[in-house]
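Asker: What follows is query23.txt; its format and atoms are compact mmCIF, C-alpha atoms.
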# COMPACT_ATOMS: atom_id res chain seq x y z
CA MET A 927 88.05 37.58 196.52
CA ARG A 928 90.82 35.10 197.22
CA ASN A 929 88.23 32.53 198.13
CA LEU A 930 86.57 33.04 194.77
CA PHE A 931 89.80 32.41 192.86
CA GLU A 932 90.48 29.39 195.03
CA PHE A 933 87.00 28.10 194.24
CA ILE A 934 87.43 28.62 190.50
CA ARG A 935 90.83 26.92 190.54
CA ARG A 936 89.57 23.92 192.39
CA TYR A 937 86.67 23.33 190.01
CA ALA A 938 88.47 24.49 186.86
CA ALA A 939 87.93 21.12 185.18
CA VAL A 940 84.21 21.13 185.89
CA PHE A 941 83.75 24.68 184.60
CA LEU A 942 85.80 23.95 181.52
CA PHE A 943 83.86 20.75 180.88
CA VAL A 944 80.48 22.48 181.17
CA ILE A 945 81.51 25.40 178.97
CA LEU A 946 82.99 23.18 176.26
CA GLU A 947 79.97 20.85 176.21
CA ILE A 948 77.66 23.86 175.83
CA VAL A 949 79.78 25.06 172.91
CA CYS A 950 79.52 21.60 171.32
CA LEU A 951 75.77 21.39 171.80
CA LEU A 952 75.33 24.87 170.31
CA LEU A 953 77.39 23.81 167.31
CA ILE A 954 75.34 20.63 166.83
CA THR A 955 71.85 21.98 167.37
CA SER A 956 72.08 25.30 165.56
CA SER A 957 73.26 24.21 162.15
CA THR A 958 72.11 27.59 160.83
CA ALA A 959 74.28 29.41 163.35
CA TYR A 960 77.20 27.31 162.21
CA LYS A 961 76.46 28.17 158.61
CA GLN A 962 76.39 31.88 159.37
CA TRP A 963 79.46 31.71 161.53
CA LYS A 964 82.41 32.86 159.38
CA GLY A 965 84.77 30.42 161.09
CA GLY A 966 82.70 27.50 159.87
CA THR A 967 83.24 28.43 156.24
CA VAL A 968 86.94 28.98 156.93
CA ILE A 969 87.26 25.54 158.51
CA ARG A 970 85.40 23.86 155.67
CA GLU A 971 87.51 25.66 153.08
CA MET A 972 90.66 24.59 154.94
CA ALA A 973 89.59 20.98 155.40
CA GLY A 974 88.53 20.74 151.75
CA PRO A 975 91.99 20.36 150.15
CA VAL A 976 92.96 17.66 152.67
CA LEU A 977 89.76 15.76 152.03
CA ARG A 978 90.27 16.18 148.28
CA GLN A 979 93.74 14.58 148.43
CA ARG A 980 92.35 11.74 150.49
CA ALA A 981 89.50 11.18 148.04
CA LYS A 982 92.00 11.19 145.18
CA ALA A 983 94.11 8.49 146.83
CA ALA A 984 91.11 6.42 147.80
CA SER A 985 89.50 6.55 144.35
CA TYR A 986 92.23 4.25 142.96
CA PHE A 987 90.91 1.38 145.02
CA HIS A 988 87.55 1.51 143.29
CA LEU A 989 88.72 1.79 139.68
CA ARG A 990 87.70 -1.72 138.74
CA LYS A 991 84.18 -1.52 140.12
CA GLU A 992 83.88 2.01 138.77
CA ASN A 993 84.75 0.73 135.33
CA GLU A 994 82.17 -2.00 135.46
CA ALA A 995 79.52 0.44 136.61
CA LEU A 996 80.44 2.87 133.84
CA LEU A 997 80.20 0.17 131.20
CA ASP A 998 76.85 -0.79 132.58
CA PHE A 999 75.71 2.82 132.49
CA GLN A 1000 77.00 3.29 128.97
CA HIS A 1001 75.02 0.26 127.93
CA ARG A 1002 71.87 1.76 129.43
CA LEU A 1003 72.47 5.09 127.72
CA LEU A 1004 73.03 3.41 124.38
CA GLN A 1005 69.77 1.56 124.74
CA GLN A 1006 67.99 4.80 125.55
CA VAL A 1007 69.50 6.53 122.51
CA CYS A 1008 68.37 3.67 120.28
CA ASN A 1009 64.86 3.83 121.70
CA THR A 1010 64.60 7.58 121.25
CA ASP A 1011 65.73 7.31 117.65
CA LEU A 1012 63.01 4.80 116.89
CA ASN A 1013 60.32 6.79 118.66
CA THR A 1014 61.06 10.27 117.41
CA SER A 1015 62.84 9.86 114.11
CA ASP A 1016 60.97 12.98 113.13
CA SER A 1017 63.02 15.85 114.57
CA SER A 1018 60.71 18.52 113.19
CA ILE A 1019 58.63 18.28 116.38
CA THR A 1020 61.41 19.57 118.62
CA ASP A 1021 62.56 22.12 116.04
CA SER A 1022 59.16 23.73 115.96
CA LEU A 1023 59.13 24.34 119.75
CA PRO A 1024 59.95 27.82 121.05
CA GLU A 1025 63.64 28.19 121.84
CA PRO A 1026 63.60 28.09 125.67
CA LEU A 1027 61.89 24.71 125.65
CA GLN A 1028 64.49 23.19 123.39
CA ALA A 1029 66.99 23.49 126.21
CA PRO A 1030 67.09 20.23 128.16
CA LEU A 1031 64.99 20.24 131.30
CA PHE A 1032 67.80 18.93 133.53
CA ASP A 1033 71.46 19.94 133.72
CA TYR A 1034 74.06 17.60 135.17
CA LYS A 1035 77.33 18.53 136.88
CA VAL A 1036 79.95 15.96 137.88
CA ALA A 1037 81.23 16.21 141.46
CA ASN A 1038 83.77 14.21 143.46
CA ILE A 1039 82.86 12.86 146.87
CA LEU A 1040 85.19 14.13 149.60
CA GLU A 1041 83.43 12.65 152.59
CA ASN A 1042 80.70 10.04 152.65
CA THR A 1043 79.16 8.39 155.68
CA THR A 1044 76.91 5.34 155.78
CA SER A 1045 77.20 4.34 159.43
CA LEU A 1046 75.36 7.18 161.14
CA PRO A 1047 71.63 7.46 161.82
CA ASP A 1048 71.69 10.60 159.63
CA ASN A 1049 74.20 10.34 156.84
CA TYR A 1050 75.63 13.07 154.65
CA LEU A 1051 78.18 13.61 151.88
CA ILE A 1052 80.60 16.43 151.14
CA LEU A 1053 81.17 17.24 147.45
CA ASP A 1054 83.81 19.41 145.78
CA LYS A 1055 81.37 21.79 144.08
CA GLY A 1056 80.04 24.96 145.69
CA TYR A 1057 78.02 28.03 144.82
CA GLU A 1058 80.81 29.31 142.60
CA ASP A 1059 80.01 26.31 140.40
CA GLY A 1060 76.33 27.21 140.39
CA ILE A 1061 75.31 24.78 143.10
CA ARG A 1062 72.52 25.82 145.46
CA GLN A 1063 70.46 24.31 148.21
CA GLY A 1064 67.85 21.76 147.22
CA LEU A 1065 69.43 20.32 144.08
CA GLY A 1066 69.25 16.57 143.57
CA VAL A 1067 72.29 14.28 143.62
CA LEU A 1068 72.46 11.07 141.56
CA SER A 1069 75.04 8.38 141.00
CA ASP A 1070 75.15 6.16 137.94
CA GLN A 1071 73.31 3.51 139.96
CA GLY A 1072 70.54 5.53 141.55
CA VAL A 1073 69.39 8.41 143.72
CA VAL A 1074 71.94 9.65 146.31
CA GLY A 1075 70.44 12.66 148.08
CA ILE A 1076 69.72 16.39 148.12
CA VAL A 1077 72.16 19.33 148.46
CA LYS A 1078 71.87 20.82 151.94
CA ASN A 1079 74.51 23.47 152.70
CA VAL A 1080 76.69 25.28 150.17
CA SER A 1081 80.01 27.12 150.65
CA PRO A 1082 82.04 28.75 147.82
CA HIS A 1083 83.76 25.55 146.68
CA PHE A 1084 82.03 22.72 148.57
CA CYS A 1085 78.59 21.51 149.48
CA THR A 1086 77.10 19.01 151.89
CA VAL A 1087 74.42 16.57 150.78
CA MET A 1088 71.67 15.02 152.84
CA SER A 1089 72.03 11.37 151.91
CA LEU A 1090 69.09 9.11 151.11
CA LEU A 1091 70.37 7.36 154.26
CA HIS A 1092 69.01 10.19 156.44
CA SER A 1093 66.01 10.02 158.76
CA LYS A 1094 64.50 13.21 157.27
CA PHE A 1095 64.85 12.13 153.65
CA ASN A 1096 61.59 11.25 151.89
CA LEU A 1097 61.30 10.36 148.24
CA SER A 1098 58.19 9.74 146.20
CA VAL A 1099 58.73 6.73 143.93
CA ILE A 1100 56.67 4.76 141.43
CA LEU A 1101 56.77 1.19 140.23
CA LYS A 1102 58.43 1.00 136.84
CA ASP A 1103 55.82 0.44 134.11
CA GLY A 1104 53.15 0.57 136.78
CA ILE A 1105 50.87 2.97 138.54
CA VAL A 1106 51.62 2.01 142.16
CA THR A 1107 53.35 4.79 144.08
CA GLY A 1108 54.79 5.11 147.57
CA VAL A 1109 57.06 7.15 149.81
CA LEU A 1110 60.58 5.87 150.38
CA TYR A 1111 62.42 6.50 153.63
CA TRP A 1112 65.37 5.00 155.50
CA ASP A 1113 64.88 3.33 158.89
CA GLY A 1114 68.53 3.76 159.93
CA ARG A 1115 69.43 0.08 160.04
CA ASN A 1116 71.12 -1.11 156.89
CA HIS A 1117 72.72 1.02 154.18
CA ARG A 1118 71.52 -1.37 151.45
CA ARG A 1119 67.86 -1.35 152.50
CA ALA A 1120 65.08 1.22 152.78
CA ILE A 1121 61.36 1.14 153.49
CA LEU A 1122 58.54 2.04 151.13
CA ARG A 1123 55.32 3.08 152.84
CA ASN A 1124 51.93 4.43 151.76
CA VAL A 1125 51.51 1.70 149.16
CA SER A 1126 47.82 1.48 148.38
CA SER A 1127 47.63 -1.98 146.84
CA LEU A 1128 49.83 -5.02 146.38
CA ASP A 1129 48.09 -6.27 143.24
CA GLN A 1130 50.78 -5.50 140.73
CA ILE A 1131 53.82 -5.80 142.98
CA LYS A 1132 56.13 -8.77 143.26
CA VAL A 1133 59.61 -9.19 144.74
CA GLY A 1134 62.28 -7.99 142.33
CA ASP A 1135 60.23 -5.21 140.72
CA THR A 1136 62.12 -2.01 140.01
CA LEU A 1137 61.20 1.30 141.63
CA VAL A 1138 62.00 4.59 139.90
CA THR A 1139 61.66 8.29 140.70
CA HIS A 1140 58.25 9.82 140.28
CA HIS A 1141 57.55 13.18 138.68
CA SER A 1142 59.41 15.68 140.84
CA LEU A 1143 61.00 19.08 140.45
CA ILE A 1144 64.30 17.79 141.84
CA PHE A 1145 65.01 14.46 140.17
CA PRO A 1146 64.49 13.46 136.56
CA PRO A 1147 61.64 10.97 136.17
CA ASP A 1148 62.22 7.21 135.79
CA TYR A 1149 65.60 7.22 137.49
CA PRO A 1150 66.27 3.90 139.32
CA VAL A 1151 66.02 3.85 143.11
CA GLY A 1152 65.89 0.20 144.08
CA THR A 1153 64.07 -3.11 143.81
CA VAL A 1154 61.36 -4.61 146.00
CA SER A 1155 63.02 -7.13 148.33
CA LYS A 1156 60.24 -8.04 150.73
CA ILE A 1157 56.51 -7.43 150.96
CA ARG A 1158 55.11 -6.92 154.44
CA LYS A 1159 51.63 -8.28 154.75
CA GLU A 1160 50.37 -6.16 157.64
CA VAL A 1161 48.31 -3.08 156.89
CA GLU A 1162 48.91 0.30 158.58
CA ASP A 1163 46.07 2.82 158.17
CA GLY A 1164 45.00 1.06 155.00
CA PHE A 1165 48.44 1.20 153.43
CA TYR A 1166 51.01 -1.51 152.85
CA THR A 1167 54.74 -1.35 153.54
CA LEU A 1168 57.52 -2.83 151.41
CA GLU A 1169 61.21 -3.36 151.96
CA VAL A 1170 63.41 -2.02 149.17
CA ARG A 1171 66.91 -3.05 148.20
CA LEU A 1172 68.60 0.18 147.11
CA SER A 1173 70.20 0.11 143.68
CA ASN A 1174 72.94 2.49 144.76
CA HIS A 1175 75.94 1.14 146.69
CA PHE A 1176 76.45 4.04 149.10
CA ASP A 1177 79.78 2.71 150.33
CA ARG A 1178 81.33 2.44 146.87
CA MET A 1179 80.69 5.81 145.22
CA THR A 1180 83.48 8.20 144.28
CA GLN A 1181 81.70 10.45 141.77
CA VAL A 1182 78.15 11.72 141.54
CA TRP A 1183 76.08 14.08 139.43
CA ILE A 1184 74.36 17.14 140.78
CA VAL A 1185 71.10 17.61 138.91
CA GLN A 1186 69.60 20.97 138.26
CA ASN A 1187 66.08 21.47 136.96
CA ASN A 1188 66.40 24.47 134.65
CA TYR A 1189 62.78 25.46 135.17
CA TYR A 1190 62.69 24.83 138.91
CA ASP A 1191 61.88 28.40 139.97
CA GLU A 1192 59.26 28.82 137.27
CA LEU A 1193 57.57 25.53 138.10
CA GLN A 1194 57.78 26.18 141.83
CA THR A 1195 56.10 29.60 141.66
CA LEU A 1196 53.44 28.14 139.39
CA THR A 1197 52.74 25.33 141.86
CA ASP A 1198 52.73 27.71 144.82
CA SER A 1199 50.33 30.15 143.21
CA THR A 1200 47.99 27.31 142.24
CA ARG A 1201 48.07 25.95 145.76
CA HIS A 1202 47.28 29.30 147.36
CA GLU A 1203 44.31 30.10 145.18
CA MET B 620 106.92 16.74 182.95
CA ASN B 621 110.05 17.39 180.92
CA LYS B 622 110.22 18.81 177.44
CA ASN B 623 110.80 15.58 175.47
CA PHE B 624 107.86 14.09 177.20
CA ALA B 625 105.54 16.90 176.10
CA TRP B 626 106.76 16.74 172.50
CA LYS B 627 106.01 13.04 172.44
CA TYR B 628 102.37 13.88 173.10
CA VAL B 629 102.29 16.65 170.51
CA TRP B 630 103.43 14.15 167.88
CA GLN B 631 100.99 11.58 169.12
CA PHE B 632 98.15 14.10 168.87
CA LEU B 633 98.99 14.95 165.26
CA LEU B 634 99.64 11.36 164.18
CA LEU B 635 96.44 10.02 165.69
CA LEU B 636 94.39 12.88 164.23
CA ALA B 637 95.88 12.29 160.77
CA ALA B 638 95.34 8.52 161.00
CA GLN B 639 91.72 9.06 162.05
CA VAL B 640 90.86 11.62 159.40
CA LEU B 641 92.78 10.19 156.46
CA LEU B 642 92.46 6.47 157.04
CA LEU B 643 90.04 5.27 159.69
CA ASN B 644 87.08 7.52 158.87
CA ARG B 645 87.01 5.79 155.48
CA ILE B 646 86.55 2.40 157.09
CA CYS B 647 82.94 1.42 157.36
CA LEU B 648 82.62 -2.33 157.88
CA TRP B 649 79.13 -3.69 157.23
CA GLY B 650 77.92 -0.15 156.90
CA TYR B 651 78.46 1.00 160.45
CA LEU B 652 81.75 -0.07 162.05
CA THR B 653 84.23 2.82 162.17
CA PRO B 654 87.09 2.49 164.68
CA MET B 655 87.75 5.65 166.72
CA LEU B 656 91.48 5.23 167.33
CA TYR B 657 92.02 8.91 168.22
CA VAL B 658 90.36 8.32 171.60
CA MET B 659 93.61 6.54 172.56
CA PHE B 660 95.29 9.93 172.90
CA ILE B 661 93.05 10.88 175.82
CA LEU B 662 93.19 7.41 177.38
CA THR B 663 96.99 7.18 177.52
CA LEU B 664 97.76 10.63 178.97
CA PRO B 665 99.77 10.30 182.23
CA PHE B 666 97.77 9.79 185.43
CA GLN B 667 99.17 13.03 186.86
CA THR B 668 97.89 15.25 184.00
CA PRO B 669 95.66 17.98 185.49
CA ARG B 670 92.01 17.28 184.88
CA TRP B 671 91.29 20.59 183.15
CA LEU B 672 94.12 19.90 180.69
CA VAL B 673 92.70 16.47 179.84
CA VAL B 674 89.30 18.06 179.21
CA LEU B 675 90.84 20.77 177.03
CA LEU B 676 92.88 18.25 175.01
CA GLY B 677 89.80 16.06 174.65
CA PHE B 678 87.87 18.96 173.17
CA ALA B 679 90.82 19.86 170.91
CA ILE B 680 91.26 16.43 169.33
CA GLY B 681 87.50 15.92 169.00
CA PHE B 682 87.15 19.30 167.33
CA GLY B 683 90.01 18.37 165.00
CA VAL B 684 88.14 15.26 163.86
CA ASP B 685 84.93 17.31 163.54
CA CYS B 686 86.58 19.75 161.14
CA PHE B 687 86.88 16.93 158.62
CA SER B 688 83.37 15.60 159.07
CA GLY B 689 80.07 17.14 158.16
CA ILE B 690 78.44 17.88 161.52
CA MET B 691 80.42 20.12 163.86
CA GLY B 692 80.62 19.37 167.56
CA VAL B 693 79.63 15.70 167.71
CA HIS B 694 83.11 14.23 168.18
CA ALA B 695 84.17 17.19 170.30
CA ALA B 696 81.23 16.69 172.68
CA ALA B 697 81.84 12.94 173.02
CA THR B 698 85.59 13.26 173.53
CA THR B 699 85.19 16.10 176.05
CA LEU B 700 82.84 13.88 178.04
CA ILE B 701 85.16 10.88 178.24
CA ALA B 702 88.07 13.22 179.04
CA PHE B 703 86.06 14.58 181.96
CA MET B 704 84.96 11.10 183.05
CA ARG B 705 88.48 9.66 182.85
CA PRO B 706 89.30 9.86 186.59
CA VAL B 707 85.92 8.29 187.38
CA VAL B 708 86.49 5.41 184.98
CA ILE B 709 90.04 4.91 186.29
CA ASN B 710 88.76 4.63 189.85
CA LEU B 711 85.89 2.41 188.79
CA ILE B 712 88.09 -0.36 187.41
CA PRO B 713 89.87 -2.08 190.33
CA TYR B 714 93.65 -2.23 190.13
CA ASN B 715 95.24 -4.55 192.66
CA ALA B 716 98.67 -3.00 192.95
CA THR B 717 100.08 0.35 193.95
CA LEU B 718 100.62 2.78 191.11
CA GLU B 719 104.19 3.93 190.64
CA ASP B 720 105.01 7.47 189.54
CA HIS B 721 106.31 6.61 186.08
CA GLN B 722 103.38 4.35 185.21
CA LEU B 723 101.12 5.34 182.33
CA PRO B 724 97.62 4.04 181.61
CA THR B 725 98.87 1.90 178.71
CA LEU B 726 98.69 -1.78 177.85
CA TRP B 727 102.25 -2.63 178.93
CA ASP B 728 102.28 -0.59 182.14
CA MET B 729 99.02 -1.91 183.52
CA HIS B 730 97.41 -5.33 183.62
CA PHE B 731 95.82 -6.54 180.40
CA GLY B 732 92.43 -6.90 182.07
CA TRP B 733 92.52 -3.43 183.60
CA PHE B 734 93.42 -1.78 180.34
CA ALA B 735 90.77 -3.74 178.42
CA GLY B 736 88.06 -2.73 180.91
CA TYR B 737 89.20 0.90 181.01
CA THR B 738 89.33 1.23 177.22
CA LEU B 739 86.10 -0.64 176.60
CA LEU B 740 84.10 1.45 179.09
CA SER B 741 85.51 4.74 177.81
CA THR B 742 85.03 3.93 174.12
CA PHE B 743 81.51 2.69 174.80
CA ILE B 744 80.51 6.00 176.41
CA HIS B 745 82.21 7.87 173.57
CA GLN B 746 80.57 5.82 170.84
CA PHE B 747 77.13 5.92 172.43
CA LEU B 748 77.24 9.70 172.67
CA ILE B 749 78.33 10.04 169.04
CA PHE B 750 75.49 7.88 167.76
CA PHE B 751 73.04 9.56 170.11
CA LEU B 752 74.03 13.11 169.14
CA ASP B 753 73.88 12.19 165.48
CA SER B 754 70.29 11.00 165.70
CA PHE B 755 69.24 13.14 168.68
CA SER B 756 66.66 10.57 169.67
CA LEU B 757 66.43 7.35 171.64
CA ALA B 758 63.89 5.85 169.24
CA ASN B 759 66.15 2.98 168.23
CA PHE B 760 67.51 2.59 171.75
CA PHE B 761 68.56 -1.07 171.60
CA HIS B 762 69.96 -0.70 168.14
CA LEU B 763 71.95 2.27 169.48
CA ILE B 764 73.30 0.22 172.40
CA TRP B 765 74.09 -2.68 170.11
CA ILE B 766 76.13 -0.76 167.51
CA SER B 767 77.86 1.27 170.25
CA LEU B 768 78.91 -1.98 171.91
CA ILE B 769 80.12 -3.63 168.71
CA ASN B 770 81.95 -0.50 167.67
CA SER B 771 83.61 -0.01 171.06
CA ILE B 772 84.83 -3.63 171.07
CA PHE B 773 86.24 -3.08 167.60
CA THR B 774 87.91 0.18 168.68
CA THR B 775 89.31 -1.42 171.84
CA LEU B 776 90.85 -4.26 169.81
CA LEU B 777 92.45 -1.77 167.45
CA ILE B 778 93.81 0.37 170.31
CA MET B 779 95.34 -2.74 171.90
CA ILE B 780 96.93 -3.82 168.63
CA VAL B 781 98.41 -0.35 168.11
CA GLN B 782 99.70 -0.31 171.70
CA GLY B 783 101.15 -3.79 171.31
CA LEU B 784 103.00 -2.79 168.16
CA PHE B 785 104.20 0.73 168.86
CA TYR B 786 104.44 1.16 172.62
CA ASN B 787 106.98 -0.04 175.17
CA SER B 788 106.80 -0.29 178.90
CA SER B 789 107.67 3.10 180.37
CA LYS B 790 110.08 1.37 182.78
CA ARG B 791 112.71 1.54 180.07
CA TYR B 792 112.89 5.31 180.24
For this file, produce the structure as C-alpha cells.

Answerer:
Amino acid sequence: MRNLFEFIRRYAAVFLFVILEIVCLLLITSSTAYKQWKGGTVIREMAGPVLRQRAKAASYFHLRKENEALLDFQHRLLQQVCNTDLNTSDSSITDSLPEPLQAPLFDYKVANILENTTSLPDNYLILDKGYEDGIRQGLGVLSDQGVVGIVKNVSPHFCTVMSLLHSKFNLSVILKDGIVTGVLYWDGRNHRRAILRNVSSLDQIKVGDTLVTHHSLIFPPDYPVGTVSKIRKEVEDGFYTLEVRLSNHFDRMTQVWIVQNNYYDELQTLTDSTRHE
Amino acid sequence: MNKNFAWKYVWQFLLLLAAQVLLLNRICLWGYLTPMLYVMFILTLPFQTPRWLVVLLGFAIGFGVDCFSGIMGVHAAATTLIAFMRPVVINLIPYNATLEDHQLPTLWDMHFGWFAGYTLLSTFIHQFLIFFLDSFSLANFFHLIWISLINSIFTTLLIMIVQGLFYNSSKRY
C-alpha cells in the first residue's frame, strides 16, 4: 500500500497531465455534451456580462466606419424603396392577399457581437441574444455588408454563430442578374476571400461581378455575399472554381441582424414531405 | 516560498488573464495574428515549482481564457501541454552557467538567447496545438506550421517587451 502511494506521488504530474488533457479533449470533441452540461451554460452566462462590457468599449473605435457603412446601407434601402414604389404603385394586390401572407416573410433582430474570431480555421461569433429573445438554432445572421453565418448554439441570453469563415459552412449563391449558381465555402486562408465551386459555365462571368444569396429558407434572396476576384481556368469534374472577395469585413463588425424566416417550419415540412414521396 | 511571493503570482495570474481576454483576444493582425501573452504566466514560474502544480496552473489559466471564447478546452489543452513539457524544454535549451536558487526563468535573470529560445519553443508548441485542435485536421499542414511560427514569434516579442518593461532582476529582492 505504501508503495502505491509512493508511486502515485512520484508520478503525480504525469497523472494530472493525462487526466486534464482527457478532460480538455472531451470538452472539445463532444460539443453536445458541453451544451447539455449545466456548468457550460453557467460559465457562458457569467462570461457574457464581461464580454458585453468589452464589446461596448471596443465599439467606440469603429464608430466612423460604422457610420459610413450605415449611410451606404441607408442609400441602398432608399433606392429599394424607390424601386418598389415604381413597380407596385398599386397596393390593392397586397391588400387582397389572405392575412397571414401579408406578414413579411423575414423578421430581423439586431444583436451585438460579444466575441468574433477571424484567425482560426473554424471561426465563430458570440451574440447577445438568446432563446429568451426568440433565437433558435439554424437562423441566418447578416451584417449590413453581407452574409455572416448561421446560429449554432443558444443559451437563455446568448448564442454562438458558425461564421461564414468556417470549414463546414456552405452557401448556395447566384450571380446577380444572372443564372449562374455555385456553392461558396471558405478554404481557411484569408478572411477576405472565399472559394466558389460547382460553377457550370464561365460564359457570363467576369471579374468584379456581384454574387448574392440564392433562394434559401435561411437567408433572404438577393443579399450580397461578395464579388468575383479571380477565375480559375482548370476544370474539376466538369465544374469551374472561382475566387470570391467577400463583401463583409469580418474583422470590423460590431452589430449584426439575426434573420428569421416566419414560414420556415411550414416550408421545411412541405419540402421534406415532397422529398420523401 | 513565502507569502508575498505567492501573492505576486496570484496577481500576475489575474492581470494576465484580464489582459488576454479583454485586450489581446481582440487583436487580429492580418486576420490571424493573436498574441497569447497569458502563456508568460506558466513560463516565468520559479524553477523549483512542483511539476504537478505547474500543470494544474496551466490548466487553470487556459480554462480561464476558454471561458471567454467559444470553444471550450482548446486553450486549456494547449496550456496544460506546455506546462507539462516545461522541464523538458528547460533542459533542452543549453544554459552555460550554474543556476542560483533565487533565479527565475525571466528575461533579466537568464541570458537573452536562452530566454528567447525557451519562449519561442514553448509558444510554438502552444500555438500549433491551438490551431490544430481548432481544425482537428492536418490538411493544411504547412499553413498550420507557418501561422504557428509567425504567431509564436509575435507572442515571444510581446512577452519580451512586457518583461523588459515590468520586470526586474530578482537579485534585487

Asker: Based on only C-alpha atoms, which of the residues in chain B come within 10 Å of chain A? I want them as a ChimeraX atom specification.

Answerer: /B:640-642,644-653,669-675,677-678,682-683,685-700,702-704,749-756,759,762-763,766

Asker: Using Å and a single decimal, report how far CA of Val781 in chain B sits from CA of Lys982 in chain A.

Answerer: 26.5 Å

Asker: Mind checking which residues fall within 12 Å of Gly783 in chain B, counting only C-alpha atoms, ignoring those fewer than 2 positions away in the same chain, and posting them as JSON, numbers by chain?

Answerer: {"B": [725, 726, 727, 728, 731, 776, 777, 778, 779, 780, 781, 785, 786, 787, 788]}

Asker: Is there a way to get, as a ChimeraX atom specification, all residues within 9 Å of the point (52.3, 0.3, 152.0) in file coordinates, counting only C-alpha atoms?

Answerer: /A:1108-1109,1122-1128,1157-1158,1160-1162,1164-1168

Asker: Hey, which of B:Leu656, B:Leu739, B:Leu748, B:Val684 ends up closest to Gln782 in chain B? Count only C-alpha atoms.

Answerer: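 When distances to Gln782 in chain B are compared using only C-alpha atoms, the smallest one comes from B:Leu656.
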
Asker: If I take CA of Thr668 in chain B and CA of His745 in chain B, how far is one from the other in Å, to one decimal?

Answerer: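 Going from CA of Thr668 in chain B over to CA of His745 in chain B, I get 20.2 Å.
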
Asker: Near Ser771 in chain B, within 9 Å and counting only C-alpha atoms, which residues show up once chain neighbours fewer than 6 positions away are dropped, as a list in words?

Answerer: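 So, after excluding close chain neighbours, the residues are Pro654, Met655, Thr738, Leu739, Leu740, Ser741, Thr742, Phe743, Ile744, His745, Gln746 and Phe747 of chain B.
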
Asker: Which protein, DNA or RNA residues have an atom at most 12 Å from (54.3, 4.4, 133.8), counting only C-alpha atoms? List them as a VMD selection string.

Answerer: chain A and resid 1099 to 1107 1136 to 1141 1147 to 1148

Asker: Take CA of Asp998 in chain A and CA of Asp1059 in chain A and report the distance between them in Å, one decimal.

Answerer: 28.4 Å
